[in-house]
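Source file work_9.cif; content: mmCIF, C-alpha atoms and all ligand atoms.
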data_coords
loop_
_atom_site.label_atom_id
_atom_site.label_comp_id
_atom_site.auth_asym_id
_atom_site.auth_seq_id
_atom_site.Cartn_x
_atom_site.Cartn_y
_atom_site.Cartn_z
CA MET A 209 0.00 0.00 0.00
CA GLU A 210 1.19 3.54 -0.77
CA ILE A 211 1.92 5.97 2.08
CA ASN A 212 -1.01 8.22 1.14
CA SER A 213 -3.45 5.29 1.20
CA ILE A 214 -2.11 4.13 4.57
CA VAL A 215 -2.57 7.62 5.99
CA SER A 216 -6.16 7.84 4.70
CA GLU A 217 -6.94 4.36 6.04
CA ILE A 218 -5.53 5.32 9.46
CA LYS A 219 -7.73 8.43 9.49
CA ARG A 220 -10.80 6.45 8.43
CA LEU A 221 -10.29 3.69 11.01
CA LYS A 222 -9.58 6.22 13.74
CA LYS A 223 -12.95 7.85 13.16
CA GLU A 224 -14.84 4.60 12.71
CA LYS A 225 -13.45 3.12 15.94
CA ASN A 226 -13.31 6.32 18.00
CA ALA A 227 -9.56 5.95 18.48
CA VAL A 228 -6.96 8.50 19.50
CA ILE A 229 -3.30 8.36 18.47
CA LEU A 230 -0.82 9.56 21.09
CA ALA A 231 2.83 9.94 20.05
CA HIS A 232 5.98 10.79 21.95
CA ASN A 233 8.25 13.62 20.76
CA TYR A 234 10.90 11.02 19.76
CA GLN A 235 8.72 9.22 17.21
CA ILE A 236 9.58 9.37 13.49
CA PRO A 237 8.17 12.44 11.63
CA GLU A 238 5.46 10.47 9.77
CA ILE A 239 4.06 9.20 13.07
CA GLN A 240 4.16 12.62 14.73
CA ASP A 241 2.28 14.03 11.72
CA ILE A 242 -0.64 11.59 11.96
CA ALA A 243 -0.90 11.71 15.76
CA ASP A 244 -3.73 13.57 17.53
CA ILE A 245 -1.37 14.55 20.32
CA VAL A 246 2.44 14.67 20.34
CA GLY A 247 4.04 15.31 23.70
CA ASP A 248 6.35 14.41 26.55
CA SER A 249 5.68 11.63 29.05
CA LEU A 250 3.68 13.85 31.39
CA ARG A 251 1.43 15.33 28.72
CA LEU A 252 0.77 11.91 27.20
CA SER A 253 -0.20 10.44 30.60
CA GLN A 254 -2.51 13.38 31.24
CA GLU A 255 -4.15 12.91 27.84
CA ALA A 256 -4.49 9.15 28.36
CA ALA A 257 -6.17 9.77 31.71
CA LYS A 258 -8.79 12.13 30.30
CA THR A 259 -9.51 10.90 26.77
CA ASP A 260 -13.03 9.82 25.86
CA ALA A 261 -11.81 7.68 22.97
CA ASP A 262 -12.51 3.93 23.08
CA ILE A 263 -9.08 2.97 21.75
CA ILE A 264 -5.70 4.55 22.52
CA VAL A 265 -2.99 3.81 19.95
CA PHE A 266 0.24 4.60 21.78
CA CYS A 267 3.19 5.43 19.53
CA GLY A 268 6.04 5.24 21.98
CA VAL A 269 7.61 2.53 24.11
CA HIS A 270 6.05 -0.17 26.29
CA PHE A 271 6.06 1.64 29.66
CA MET A 272 4.16 4.56 28.13
CA ALA A 273 1.38 2.39 26.74
CA GLU A 274 1.26 0.56 30.06
CA SER A 275 0.85 3.87 31.92
CA ALA A 276 -2.04 4.73 29.59
CA LYS A 277 -3.71 1.40 30.45
CA ILE A 278 -3.12 1.93 34.19
CA LEU A 279 -4.77 5.34 34.01
CA SER A 280 -7.56 4.36 31.62
CA PRO A 281 -8.39 0.71 32.38
CA ASN A 282 -11.63 0.73 30.42
CA LYS A 283 -9.98 1.76 27.17
CA LYS A 284 -8.31 -0.60 24.76
CA VAL A 285 -4.63 0.43 24.61
CA LEU A 286 -2.65 -0.72 21.56
CA LEU A 287 1.12 -0.54 21.13
CA PRO A 288 1.91 -0.64 17.38
CA ALA A 289 5.51 -1.88 17.84
CA ILE A 290 5.08 -4.52 20.53
CA ASP A 291 8.84 -4.99 21.00
CA ALA A 292 9.52 -1.27 21.60
CA GLY A 293 10.87 -1.29 25.15
CA CYS A 294 12.99 1.04 27.23
CA PRO A 295 16.37 -0.35 28.38
CA MET A 296 16.33 2.02 31.37
CA ALA A 297 12.97 0.62 32.53
CA ASP A 298 14.57 -2.85 32.44
CA MET A 299 17.32 -1.72 34.85
CA ILE A 300 15.00 -2.15 37.83
CA THR A 301 12.69 -5.04 38.74
CA ALA A 302 9.90 -5.18 41.31
CA GLU A 303 11.84 -7.90 43.12
CA SER A 304 15.02 -5.82 43.44
CA LEU A 305 12.98 -2.84 44.62
CA ARG A 306 11.23 -5.00 47.24
CA GLU A 307 14.65 -6.11 48.50
CA TYR A 308 15.67 -2.45 48.88
CA LYS A 309 12.42 -1.65 50.71
CA ASP A 310 12.90 -4.58 53.09
CA LYS A 311 16.31 -3.18 54.03
CA ASN A 312 15.07 0.44 54.13
CA PRO A 313 11.51 0.33 55.53
CA LYS A 314 11.39 4.08 56.17
CA ALA A 315 12.38 5.15 52.67
CA THR A 316 9.91 6.84 50.33
CA VAL A 317 10.36 5.57 46.79
CA VAL A 318 9.96 7.98 43.87
CA CYS A 319 9.92 6.24 40.58
CA TYR A 320 10.47 7.76 37.17
CA VAL A 321 7.66 6.77 34.80
CA ASN A 322 10.28 4.97 32.69
CA SER A 323 9.60 1.78 34.66
CA SER A 324 7.29 -1.23 34.50
CA ALA A 325 3.80 -1.41 36.04
CA GLU A 326 5.17 -3.87 38.65
CA VAL A 327 7.82 -1.35 39.72
CA LYS A 328 5.28 1.49 39.80
CA ALA A 329 3.12 -0.72 42.01
CA GLU A 330 6.00 -0.94 44.53
CA CYS A 331 6.74 2.77 44.70
CA ASP A 332 5.08 5.64 46.58
CA VAL A 333 4.84 8.19 43.81
CA CYS A 334 5.84 8.48 40.16
CA CYS A 335 7.41 11.43 38.36
CA THR A 336 8.47 12.47 34.87
CA SER A 337 11.41 14.66 33.95
CA SER A 338 9.14 17.72 33.83
CA ASN A 339 7.73 17.40 37.35
CA ALA A 340 10.42 15.46 39.27
CA LEU A 341 11.62 18.44 41.34
CA LYS A 342 8.08 19.45 42.31
CA ILE A 343 7.21 15.87 43.32
CA VAL A 344 10.37 15.35 45.38
CA GLU A 345 10.03 18.74 47.09
CA SER A 346 6.51 17.83 48.18
CA LEU A 347 7.75 14.80 50.15
CA GLU A 348 8.24 15.00 53.92
CA SER A 349 10.31 11.84 54.24
CA GLU A 350 13.93 12.06 55.43
CA GLN A 351 15.00 9.10 53.31
CA ILE A 352 14.08 9.05 49.63
CA LEU A 353 15.09 6.61 46.92
CA PHE A 354 14.94 7.88 43.34
CA ALA A 355 14.71 5.09 40.74
CA PRO A 356 15.73 4.06 38.17
CA ASP A 357 17.43 7.08 36.49
CA LYS A 358 20.55 8.12 38.40
CA ASN A 359 21.19 11.01 35.97
CA LEU A 360 17.78 12.63 36.43
CA GLY A 361 18.05 11.90 40.16
CA SER A 362 21.43 13.60 40.35
CA TYR A 363 20.08 16.65 38.46
CA ILE A 364 17.25 16.90 41.03
CA ASN A 365 19.64 16.37 43.96
CA ASP A 366 21.68 19.37 42.74
CA GLN A 367 18.58 21.56 43.10
CA LEU A 368 17.45 20.31 46.51
CA LYS A 369 18.26 22.54 49.45
CA ASP A 370 17.77 20.42 52.54
CA LYS A 371 17.79 16.79 51.41
CA GLN A 372 19.65 14.38 49.14
CA MET A 373 18.08 11.31 47.60
CA GLU A 374 19.62 7.88 47.22
CA LEU A 375 19.88 6.97 43.54
CA TRP A 376 19.22 3.68 41.78
CA ASN A 377 21.94 2.72 39.32
CA GLY A 378 19.91 3.04 36.11
CA PHE A 379 20.28 5.33 33.10
CA CYS A 380 19.05 5.98 29.57
CA ILE A 381 21.41 4.25 27.14
CA THR A 382 20.68 6.92 24.51
CA HIS A 383 21.37 10.08 26.54
CA GLU A 384 24.26 8.44 28.43
CA ARG A 385 26.13 8.12 25.11
CA VAL A 386 26.72 11.89 24.96
CA ARG A 387 30.23 12.60 26.23
CA GLU A 388 31.48 15.62 28.14
CA GLU A 389 34.11 16.23 25.42
CA GLU A 390 31.33 16.61 22.84
CA ILE A 391 29.53 19.39 24.71
CA LYS A 392 32.82 21.12 25.58
CA LEU A 393 33.95 20.98 21.97
CA ILE A 394 30.69 22.33 20.53
CA LYS A 395 30.53 25.10 23.14
CA ASN A 396 34.03 26.17 22.10
CA LYS A 397 33.24 25.97 18.40
CA LYS A 398 29.90 27.77 18.66
CA ALA A 399 30.49 30.22 21.46
CA GLY A 400 27.30 32.07 22.45
CA VAL A 401 24.95 29.42 21.00
CA GLN A 402 22.64 27.90 23.64
CA VAL A 403 23.03 24.23 24.38
CA VAL A 404 19.82 22.63 25.67
CA VAL A 405 19.90 19.11 27.11
CA HIS A 406 17.62 16.51 28.64
CA PRO A 407 18.28 15.65 32.32
CA GLU A 408 18.75 11.99 31.32
CA CYS A 409 22.21 13.08 30.09
CA ASN A 410 25.17 12.39 32.36
CA PRO A 411 25.78 15.11 35.02
CA LEU A 412 29.19 15.78 33.42
CA VAL A 413 27.30 16.89 30.30
CA VAL A 414 24.41 18.60 32.11
CA GLN A 415 26.81 20.87 34.04
CA HIS A 416 27.80 22.62 30.78
CA ALA A 417 24.24 23.12 29.45
CA ASP A 418 22.45 26.47 29.21
CA PHE A 419 19.00 24.91 29.64
CA VAL A 420 17.89 21.53 31.01
CA GLY A 421 14.37 20.17 30.59
CA SER A 422 11.97 17.46 29.47
CA THR A 423 11.23 17.22 25.75
CA SER A 424 8.19 19.52 26.04
CA GLN A 425 10.08 21.96 28.24
CA ILE A 426 12.83 22.11 25.61
CA LEU A 427 10.23 22.78 22.88
CA GLU A 428 8.60 25.52 24.98
CA HIS A 429 11.94 27.12 25.89
CA ILE A 430 13.01 27.34 22.24
CA ARG A 431 9.58 28.57 21.07
CA MET A 432 9.82 31.46 23.56
CA SER A 433 13.48 32.32 22.93
CA ASP A 434 14.66 35.14 20.65
CA ASP A 435 17.89 33.26 19.88
CA LYS A 436 18.28 31.99 16.34
CA GLU A 437 20.48 28.94 16.86
CA PHE A 438 20.49 26.03 19.33
CA ILE A 439 22.44 22.85 20.03
CA ILE A 440 20.04 20.03 20.96
CA GLY A 441 21.05 17.48 23.58
CA THR A 442 18.18 15.03 23.40
CA GLU A 443 16.88 12.31 21.09
CA MET A 444 16.86 13.39 17.42
CA GLY A 445 13.07 12.88 16.98
CA ILE A 446 12.49 16.23 18.65
CA LEU A 447 14.08 18.00 15.66
CA HIS A 448 10.91 17.42 13.63
CA THR A 449 8.68 19.57 15.84
CA LEU A 450 11.49 22.04 16.51
CA ARG A 451 11.88 22.70 12.78
CA LYS A 452 8.12 22.80 12.16
CA GLU A 453 7.57 25.32 14.96
CA ASN A 454 10.65 27.49 14.41
CA LEU A 455 11.08 28.03 10.68
CA TYR A 456 13.86 30.60 11.03
CA LYS A 457 15.87 28.99 13.81
CA LYS A 458 18.80 26.63 13.26
CA PHE A 459 19.29 23.35 15.14
CA THR A 460 22.30 21.07 15.47
CA LEU A 461 22.26 17.76 17.34
CA LEU A 462 24.78 17.71 20.20
CA SER A 463 25.85 14.15 19.34
CA PRO A 464 25.14 11.79 16.42
CA ALA A 465 24.57 9.08 19.06
CA LEU A 466 21.29 10.68 20.17
CA ILE A 467 19.01 8.12 18.58
CA CYS A 468 16.75 5.77 20.53
CA TYR A 469 16.22 2.66 18.40
CA ASN A 470 13.17 1.63 20.40
CA MET A 471 11.45 4.94 19.70
CA LYS A 472 12.14 4.41 15.99
CA LYS A 473 10.44 1.01 15.77
CA THR A 474 6.92 2.31 15.12
CA SER A 475 5.98 2.67 11.45
CA LEU A 476 2.82 3.93 9.75
CA GLU A 477 2.17 0.34 8.64
CA ASP A 478 2.24 -0.78 12.30
CA VAL A 479 -0.27 1.89 13.28
CA TYR A 480 -2.55 0.89 10.42
CA HIS A 481 -2.20 -2.79 11.34
CA VAL A 482 -3.16 -2.37 15.01
CA LEU A 483 -6.04 -0.06 14.19
CA LYS A 484 -7.38 -2.61 11.72
CA THR A 485 -6.81 -5.79 13.77
CA GLU A 486 -6.80 -4.39 17.34
CA GLU A 487 -3.79 -6.62 18.01
CA ASN A 488 -0.94 -5.75 20.44
CA GLU A 489 -3.31 -4.88 23.25
CA ILE A 490 -1.63 -3.91 26.53
CA ILE A 491 -2.98 -5.80 29.54
CA VAL A 492 -2.02 -5.05 33.15
CA GLU A 493 -3.03 -7.46 35.89
CA GLU A 494 -5.70 -5.71 38.03
CA SER A 495 -4.04 -5.90 41.47
CA ILE A 496 -0.80 -4.47 39.99
CA ARG A 497 -2.76 -1.87 38.04
CA GLN A 498 -4.54 -0.56 41.12
CA LYS A 499 -1.31 -0.09 43.05
CA ALA A 500 0.47 1.46 40.06
CA PHE A 501 -2.54 3.74 39.55
CA THR A 502 -2.12 5.12 43.07
CA SER A 503 1.51 6.11 42.35
CA LEU A 504 0.74 7.57 38.93
CA ASN A 505 -2.37 9.37 40.06
CA ARG A 506 -0.55 10.88 43.02
CA MET A 507 1.93 12.29 40.51
CA LEU A 508 -0.86 13.74 38.33
CA GLU A 509 -2.51 15.34 41.37
CA LEU A 510 0.79 16.84 42.57
CA SER A 511 1.53 18.17 39.06
CA LYS A 512 -1.63 20.26 38.98
CA GLY A 513 -1.46 23.98 39.63
P1 LIG B 1 10.15 13.20 28.34
O1 LIG B 1 9.48 13.32 27.00
O2 LIG B 1 9.15 13.13 29.43
O3 LIG B 1 11.15 14.28 28.51
O4 LIG B 1 10.90 11.78 28.38
C1 LIG B 1 12.04 11.51 27.68
C2 LIG B 1 12.27 10.07 27.45
O5 LIG B 1 13.37 9.60 27.41
C3 LIG B 1 11.13 9.21 27.27
O6 LIG B 1 11.55 7.92 27.12
FE1 LIG B 2 14.28 4.70 27.26
FE2 LIG B 2 16.12 6.53 26.73
FE3 LIG B 2 14.78 5.48 24.73
FE4 LIG B 2 13.57 7.15 26.45
S1 LIG B 2 15.22 7.65 25.03
S2 LIG B 2 12.77 5.19 25.68
S3 LIG B 2 14.63 6.61 28.36
S4 LIG B 2 16.18 4.38 26.11
#

Before we go any further, please render this structure as structure tokens.
Ligand code: 13P
Ligand code: SF4
Amino acid sequence: MEINSIVSEIKRLKKEKNAVILAHNYQIPEIQDIADIVGDSLRLSQEAAKTDADIIVFCGVHFMAESAKILSPNKKVLLPAIDAGCPMADMITAESLREYKDKNPKATVVCYVNSSAEVKAECDVCCTSSNALKIVESLESEQILFAPDKNLGSYINDQLKDKQMELWNGFCITHERVREEEIKLIKNKKAGVQVVVHPECNPLVVQHADFVGSTSQILEHIRMSDDKEFIIGTEMGILHTLRKENLYKKFTLLSPALICYNMKKTSLEDVYHVLKTEENEIIVEESIRQKAFTSLNRMLELSKG
């Protein structure tokens, strides 16, 4: 089938089945262009929680579709590329977290949404990169574990005044590939040009950045800026929206290694296939879902206002 026919079939099926297509900012351009909503992890969870569609087609990775199912259990959630996972989410298991909790019964566990439903079910509250500081600051506990992203955790620790969190030893394999030499070199070569990075980058890289934020915060920052050139320190998929929204601004990727292969697995054909067949449905066992819902919903409540 030709691309144009696939796109029209996707649109037809979406209407016929009352489906909504949610896509993360790292998806390939063709997917972002057919999506109803393109956003960061927080925005996509908020949309999944409030949609009145019957089917959610989630163009992203597994933990994102799972979060949508946790928040909207009565909707059918479909993941077009069923093998699109997140290596960082696999760096923590519910069992290993339970072991930590047994040894540290007083600790409050904050868990980055880049984690499985089972891990979310074991934690006290979730966060994304755009609300992590707010969530952590709202906690009274003296002992806090931040899991699984040690880089985001370290970025938050640097901003905390009266507490420091313990950090799980996980990281994003994509952002971790950026080296300090790369940011130092580009800052030297392009003096005066803003370098914006995602907090999943290593702290050695983050320390040299002019702006640090989630994918949507980066988009917002650049939209509002009068500068005409930027170096982008996050996954390359974001360049699509950046270029669409800022026709006269110039963007250079901080490192050629900033590509997440899992985020690139979803094709238009996959979206068409799941809409047609309703295959690749995400199921979360109900007792796990209820516990994970509590952690995710607490995050959504704390993010308001
Ligand atoms: P955000 O879009 O929330 O910044 O998340 C980045 C990411 O790595 C998602 O996997
Ligand atoms: Fe996971 Fe990193 Fe890919 Fe996001 S960019 S899905 S954190 S590996």

Distance table requested - chain A against ligand LIG 2 (chain B), cut-off 10 Å, all atoms listed in the file: one row per qualifying residue with the closest atom pair and its distance in Å to one decimal, ordered by chain and rising residue number, as JSON lines.
{"residue": "A:His232", "atom": "CA", "partner": "B:LIG2", "partner_atom": "FE4", "distance": 9.5}
{"residue": "A:Tyr234", "atom": "CA", "partner": "B:LIG2", "partner_atom": "S1", "distance": 7.6}
{"residue": "A:Ser249", "atom": "CA", "partner": "B:LIG2", "partner_atom": "FE4", "distance": 9.4}
{"residue": "A:Gly268", "atom": "CA", "partner": "B:LIG2", "partner_atom": "S2", "distance": 7.7}
{"residue": "A:Val269", "atom": "CA", "partner": "B:LIG2", "partner_atom": "S2", "distance": 6.0}
{"residue": "A:His270", "atom": "CA", "partner": "B:LIG2", "partner_atom": "S2", "distance": 8.6}
{"residue": "A:Phe271", "atom": "CA", "partner": "B:LIG2", "partner_atom": "S2", "distance": 8.6}
{"residue": "A:Met272", "atom": "CA", "partner": "B:LIG2", "partner_atom": "S2", "distance": 9.0}
{"residue": "A:Ala292", "atom": "CA", "partner": "B:LIG2", "partner_atom": "S2", "distance": 8.3}
{"residue": "A:Gly293", "atom": "CA", "partner": "B:LIG2", "partner_atom": "S2", "distance": 6.8}
{"residue": "A:Cys294", "atom": "CA", "partner": "B:LIG2", "partner_atom": "FE1", "distance": 3.9}
{"residue": "A:Pro295", "atom": "CA", "partner": "B:LIG2", "partner_atom": "S4", "distance": 5.2}
{"residue": "A:Met296", "atom": "CA", "partner": "B:LIG2", "partner_atom": "FE1", "distance": 5.3}
{"residue": "A:Ala297", "atom": "CA", "partner": "B:LIG2", "partner_atom": "FE1", "distance": 6.8}
{"residue": "A:Asp298", "atom": "CA", "partner": "B:LIG2", "partner_atom": "FE1", "distance": 9.2}
{"residue": "A:Tyr320", "atom": "CA", "partner": "B:LIG2", "partner_atom": "S3", "distance": 9.8}
{"residue": "A:Val321", "atom": "CA", "partner": "B:LIG2", "partner_atom": "S3", "distance": 9.5}
{"residue": "A:Asn322", "atom": "CA", "partner": "B:LIG2", "partner_atom": "S3", "distance": 6.4}
{"residue": "A:Ser323", "atom": "CA", "partner": "B:LIG2", "partner_atom": "FE1", "distance": 9.2}
{"residue": "A:Asp357", "atom": "CA", "partner": "B:LIG2", "partner_atom": "S3", "distance": 8.6}
{"residue": "A:Phe379", "atom": "CA", "partner": "B:LIG2", "partner_atom": "S3", "distance": 7.5}
{"residue": "A:Cys380", "atom": "CA", "partner": "B:LIG2", "partner_atom": "FE2", "distance": 4.1}
{"residue": "A:Ile381", "atom": "CA", "partner": "B:LIG2", "partner_atom": "S4", "distance": 5.3}
{"residue": "A:Thr382", "atom": "CA", "partner": "B:LIG2", "partner_atom": "FE2", "distance": 5.1}
{"residue": "A:His383", "atom": "CA", "partner": "B:LIG2", "partner_atom": "FE2", "distance": 6.3}
{"residue": "A:Glu384", "atom": "CA", "partner": "B:LIG2", "partner_atom": "FE2", "distance": 8.5}
{"residue": "A:His406", "atom": "CA", "partner": "B:LIG2", "partner_atom": "S1", "distance": 9.9}
{"residue": "A:Glu408", "atom": "CA", "partner": "B:LIG2", "partner_atom": "S3", "distance": 7.4}
{"residue": "A:Cys409", "atom": "CA", "partner": "B:LIG2", "partner_atom": "FE2", "distance": 9.6}
{"residue": "A:Thr442", "atom": "CA", "partner": "B:LIG2", "partner_atom": "S1", "distance": 8.1}
{"residue": "A:Glu443", "atom": "CA", "partner": "B:LIG2", "partner_atom": "S1", "distance": 6.3}
{"residue": "A:Met444", "atom": "CA", "partner": "B:LIG2", "partner_atom": "S1", "distance": 9.7}
{"residue": "A:Gly445", "atom": "CA", "partner": "B:LIG2", "partner_atom": "S1", "distance": 9.8}
{"residue": "A:Leu466", "atom": "CA", "partner": "B:LIG2", "partner_atom": "S1", "distance": 8.3}
{"residue": "A:Ile467", "atom": "CA", "partner": "B:LIG2", "partner_atom": "S1", "distance": 7.5}
{"residue": "A:Cys468", "atom": "CA", "partner": "B:LIG2", "partner_atom": "FE3", "distance": 4.6}
{"residue": "A:Tyr469", "atom": "CA", "partner": "B:LIG2", "partner_atom": "FE3", "distance": 7.1}
{"residue": "A:Asn470", "atom": "CA", "partner": "B:LIG2", "partner_atom": "FE3", "distance": 6.0}
{"residue": "A:Met471", "atom": "CA", "partner": "B:LIG2", "partner_atom": "FE3", "distance": 6.1}
{"residue": "A:Lys472", "atom": "CA", "partner": "B:LIG2", "partner_atom": "FE3", "distance": 9.2}

May I have the residues from that selection written out with C-alpha atoms, as a PDB file, in the frame of the given file?
ATOM      1  CA  HIS A 232       5.980  10.790  21.950  1.00  0.00           C
ATOM      2  CA  TYR A 234      10.900  11.020  19.760  1.00  0.00           C
ATOM      3  CA  SER A 249       5.680  11.630  29.050  1.00  0.00           C
ATOM      4  CA  GLY A 268       6.040   5.240  21.980  1.00  0.00           C
ATOM      5  CA  VAL A 269       7.610   2.530  24.110  1.00  0.00           C
ATOM      6  CA  HIS A 270       6.050  -0.170  26.290  1.00  0.00           C
ATOM      7  CA  PHE A 271       6.060   1.640  29.660  1.00  0.00           C
ATOM      8  CA  MET A 272       4.160   4.560  28.130  1.00  0.00           C
ATOM      9  CA  ALA A 292       9.520  -1.270  21.600  1.00  0.00           C
ATOM     10  CA  GLY A 293      10.870  -1.290  25.150  1.00  0.00           C
ATOM     11  CA  CYS A 294      12.990   1.040  27.230  1.00  0.00           C
ATOM     12  CA  PRO A 295      16.370  -0.350  28.380  1.00  0.00           C
ATOM     13  CA  MET A 296      16.330   2.020  31.370  1.00  0.00           C
ATOM     14  CA  ALA A 297      12.970   0.620  32.530  1.00  0.00           C
ATOM     15  CA  ASP A 298      14.570  -2.850  32.440  1.00  0.00           C
ATOM     16  CA  TYR A 320      10.470   7.760  37.170  1.00  0.00           C
ATOM     17  CA  VAL A 321       7.660   6.770  34.800  1.00  0.00           C
ATOM     18  CA  ASN A 322      10.280   4.970  32.690  1.00  0.00           C
ATOM     19  CA  SER A 323       9.600   1.780  34.660  1.00  0.00           C
ATOM     20  CA  ASP A 357      17.430   7.080  36.490  1.00  0.00           C
ATOM     21  CA  PHE A 379      20.280   5.330  33.100  1.00  0.00           C
ATOM     22  CA  CYS A 380      19.050   5.980  29.570  1.00  0.00           C
ATOM     23  CA  ILE A 381      21.410   4.250  27.140  1.00  0.00           C
ATOM     24  CA  THR A 382      20.680   6.920  24.510  1.00  0.00           C
ATOM     25  CA  HIS A 383      21.370  10.080  26.540  1.00  0.00           C
ATOM     26  CA  GLU A 384      24.260   8.440  28.430  1.00  0.00           C
ATOM     27  CA  HIS A 406      17.620  16.510  28.640  1.00  0.00           C
ATOM     28  CA  GLU A 408      18.750  11.990  31.320  1.00  0.00           C
ATOM     29  CA  CYS A 409      22.210  13.080  30.090  1.00  0.00           C
ATOM     30  CA  THR A 442      18.180  15.030  23.400  1.00  0.00           C
ATOM     31  CA  GLU A 443      16.880  12.310  21.090  1.00  0.00           C
ATOM     32  CA  MET A 444      16.860  13.390  17.420  1.00  0.00           C
ATOM     33  CA  GLY A 445      13.070  12.880  16.980  1.00  0.00           C
ATOM     34  CA  LEU A 466      21.290  10.680  20.170  1.00  0.00           C
ATOM     35  CA  ILE A 467      19.010   8.120  18.580  1.00  0.00           C
ATOM     36  CA  CYS A 468      16.750   5.770  20.530  1.00  0.00           C
ATOM     37  CA  TYR A 469      16.220   2.660  18.400  1.00  0.00           C
ATOM     38  CA  ASN A 470      13.170   1.630  20.400  1.00  0.00           C
ATOM     39  CA  MET A 471      11.450   4.940  19.700  1.00  0.00           C
ATOM     40  CA  LYS A 472      12.140   4.410  15.990  1.00  0.00           C
TER      41      LYS A 472
END

Kindly extract all protein, DNA and RNA residues lying within 10 Å of the coordinates (5.9, 10.6, 39.8) given in the file, considering all atoms listed in the file, and supply them as an mmCIF file with C-alpha atoms, in the frame of the given file.
data_model
loop_
_atom_site.group_PDB
_atom_site.id
_atom_site.type_symbol
_atom_site.label_atom_id
_atom_site.label_comp_id
_atom_site.auth_asym_id
_atom_site.auth_seq_id
_atom_site.Cartn_x
_atom_site.Cartn_y
_atom_site.Cartn_z
ATOM 1 C CA LEU A 250 3.680 13.850 31.390
ATOM 2 C CA VAL A 317 10.360 5.570 46.790
ATOM 3 C CA VAL A 318 9.960 7.980 43.870
ATOM 4 C CA CYS A 319 9.920 6.240 40.580
ATOM 5 C CA TYR A 320 10.470 7.760 37.170
ATOM 6 C CA VAL A 321 7.660 6.770 34.800
ATOM 7 C CA LYS A 328 5.280 1.490 39.800
ATOM 8 C CA CYS A 331 6.740 2.770 44.700
ATOM 9 C CA ASP A 332 5.080 5.640 46.580
ATOM 10 C CA VAL A 333 4.840 8.190 43.810
ATOM 11 C CA CYS A 334 5.840 8.480 40.160
ATOM 12 C CA CYS A 335 7.410 11.430 38.360
ATOM 13 C CA THR A 336 8.470 12.470 34.870
ATOM 14 C CA SER A 337 11.410 14.660 33.950
ATOM 15 C CA SER A 338 9.140 17.720 33.830
ATOM 16 C CA ASN A 339 7.730 17.400 37.350
ATOM 17 C CA ALA A 340 10.420 15.460 39.270
ATOM 18 C CA LEU A 341 11.620 18.440 41.340
ATOM 19 C CA LYS A 342 8.080 19.450 42.310
ATOM 20 C CA ILE A 343 7.210 15.870 43.320
ATOM 21 C CA VAL A 344 10.370 15.350 45.380
ATOM 22 C CA SER A 503 1.510 6.110 42.350
ATOM 23 C CA LEU A 504 0.740 7.570 38.930
ATOM 24 C CA ASN A 505 -2.370 9.370 40.060
ATOM 25 C CA ARG A 506 -0.550 10.880 43.020
ATOM 26 C CA MET A 507 1.930 12.290 40.510
ATOM 27 C CA LEU A 508 -0.860 13.740 38.330
ATOM 28 C CA GLU A 509 -2.510 15.340 41.370
ATOM 29 C CA LEU A 510 0.790 16.840 42.570
ATOM 30 C CA SER A 511 1.530 18.170 39.060
#

**OP:** Please provide the set of residues having any atom within 7 Å of Thr316 (chain A), restricted to all atoms listed in the file, with same-chain residues fewer than 3 positions apart removed, written as a ChimeraX atom specification.
**Re:** /A:332,349,351-353

Edge lengths and centre in Å to one decimal, as JSON, of the axis-aligned box that encloses all listed atoms of ligand LIG 1 (chain B) with 3 Å added on every side?
{"center_x": 11.3, "center_y": 11.1, "center_z": 28.2, "size_x": 10.2, "size_y": 12.4, "size_z": 8.4}

**OP:** List every protein, DNA or RNA residue that has an atom no more than 6 Å from (7.9, 18.3, 24.4) in the file's coordinate frame, counting all atoms listed in the file, and report them as a PyMOL selection string.
**Re:** chain A and resi 233+247-248+423-425+427
